[in-house]
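Take a look at the structure below.
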Amino acid sequence: MRPYRDIATVAALQVLCFSFLGHFEPQFFLLHLYQTVIYMAILILLFYMDDRWAYMIGMLAPVAWLSMVFATGLLGGATRQVLRLTRGQGVTNEVSFIAAVAAVLSVLMIVFCARHWKREYSGLGKTASTFAISVGVVALHYGILAIWFWNMIPTQIANG
């Protein structure tokens with residue numbers, strides 16, 4: 001058996017985080033469901049032992065997600081929720097808190113995937129092609145997500 005239980009665990013926890021976000025933000029349920037797709041793909045790739053692709057996508061997808069969360073300001077709210085907890089105060093915004101948990105899981109995913117990539121594929125000459133194709137997959141996934149989210153905002157404001 002391949003030793004990538006750490007990556008599979010983090011990917012499964014990310015799926016749970018996005019599922020919880022879908023629960024707390026029912027108007028964005030489909031959006032959060034779509035966010036789970038890339039992490040489910042990582043789990044499927046690991047199951048079928050296509051770990052080279054899982055590792056590369058596992059490094060790139062969290063970077064893209066963290067960039068989007070930072071750009072939308074959600075990462076700032078997540079940081080405020082964590083700071084409230086460190087001061088012994090309660091969580092005031094569950095969505096921001098779950099985003100903080102997902103951000104920590106994203107960093108762990110990047111670290112674990114990079115460690116596995118370095119150990120198993122570094123120096124084999126597969127980095128450039130795997131990176132290029134994985135960037136395309138991740139860019140397509142998050143491009144669709146960004147366009148979908150952007151088009152969804154006016155509808156949610158009008159209905160809100």
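By convention in this document, the chains of the structure tokens carry letters A, B, ... by their order, each chain's residues are numbered from 1, and ligands are numbered from 1 in the order they are shown.
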Proximity of segment 44-83 of chain A to segment 119-141 of chain A: per-residue shortest pair, 8 Å limit, only C-alpha atoms, as CSV:
```
residue,atom,partner,partner_atom,distance
A:Arg52,CA,A:Tyr121,CA,7.4
A:Trp53,CA,A:Thr130,CA,6.8
A:Met56,CA,A:Ser134,CA,6.5
A:Ile57,CA,A:Ser134,CA,5.7
A:Leu60,CA,A:Val138,CA,6.8
A:Ala61,CA,A:Val138,CA,5.8
A:Ala64,CA,A:Val138,CA,7.6
```
Item to check | DSSP alpha helix (DSSP H) residues within chain A, listed as a ChimeraX atom specification | outcome: /A:5-24,29-47,51-72,74-86,94-120,127-159
Item to check | Pick from A:Phe70, A:Phe28, A:Tyr55, A:Trp150, whichever lies nearest to Ala41 of chain A using only C-alpha atoms | outcome: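 Ranking A:Phe70, A:Phe28, A:Tyr55, A:Trp150 by distance to Ala41 of chain A, first place goes to A:Tyr55.
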Next on the checklist: Using only C-alpha atoms, which protein or nucleic acid residues come within 10 Å of Ser106 of chain A? Drop anything in the same chain fewer than 4 positions from it, and give the result as JSON, numbers by chain.
Outcome noted: {"A": [10, 11, 14, 58, 59, 60, 61, 62, 63, 64, 65, 66, 100, 101, 102, 110, 111, 112]}
Checklist entry - Contacts of Ile98 of chain A at 9 Å or less, counting only C-alpha atoms, minus same-chain residues fewer than 6 places along, as number ranges by chain? => result A: 17-18, 20-21, 78
Checklist entry - Nearest to Gly77 of chain A: which of A:Gln35, A:Thr92, A:Ser19, A:Gln27 is it, counting only C-alpha atoms? => result A:Thr92
Item to check | 9 Å contact set for Tyr4 of chain A, only C-alpha atoms, chain neighbours under 4 positions out, as a list of chain:residue names | outcome: A:Ala8, A:Thr9, A:Leu46, A:Asp51, A:Phe112, A:Cys113, A:His116
Next on the checklist: Between A:Leu16, A:Gly76, A:Phe24, A:Thr86, which residue has the minimum interatomic distance to Val37 of chain A, considering only C-alpha atoms?
Outcome noted: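 With only C-alpha atoms as the atom set, the closest residue is A:Leu16.
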Item to check | For Ala12 of chain A: contacts at 10 Å, only C-alpha atoms, fewer than 4 positions along chain excluded, given as a VMD selection string | outcome: chain A and resid 6 to 8 16 to 17 36 39 to 40 42 to 43
Would you save the residues from that selection as a short mmCIF file (atom, residue, chain, number, x, y, z; two decimals), in the first residue's frame, using C-alpha atoms?
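Resulting contents of out_2.cif:
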```
data_model
loop_
_atom_site.label_atom_id
_atom_site.label_comp_id
_atom_site.auth_asym_id
_atom_site.auth_seq_id
_atom_site.Cartn_x
_atom_site.Cartn_y
_atom_site.Cartn_z
CA ASP A 6 -2.05 11.86 5.12
CA ILE A 7 -3.06 13.37 1.77
CA ALA A 8 -6.22 11.28 1.58
CA LEU A 16 -16.23 17.78 4.90
CA CYS A 17 -15.37 21.48 5.33
CA THR A 36 -15.41 19.39 -3.36
CA TYR A 39 -10.60 17.03 -3.67
CA MET A 40 -12.75 14.05 -4.63
CA ILE A 42 -7.51 13.71 -5.64
CA LEU A 43 -9.01 10.89 -3.58
#
```
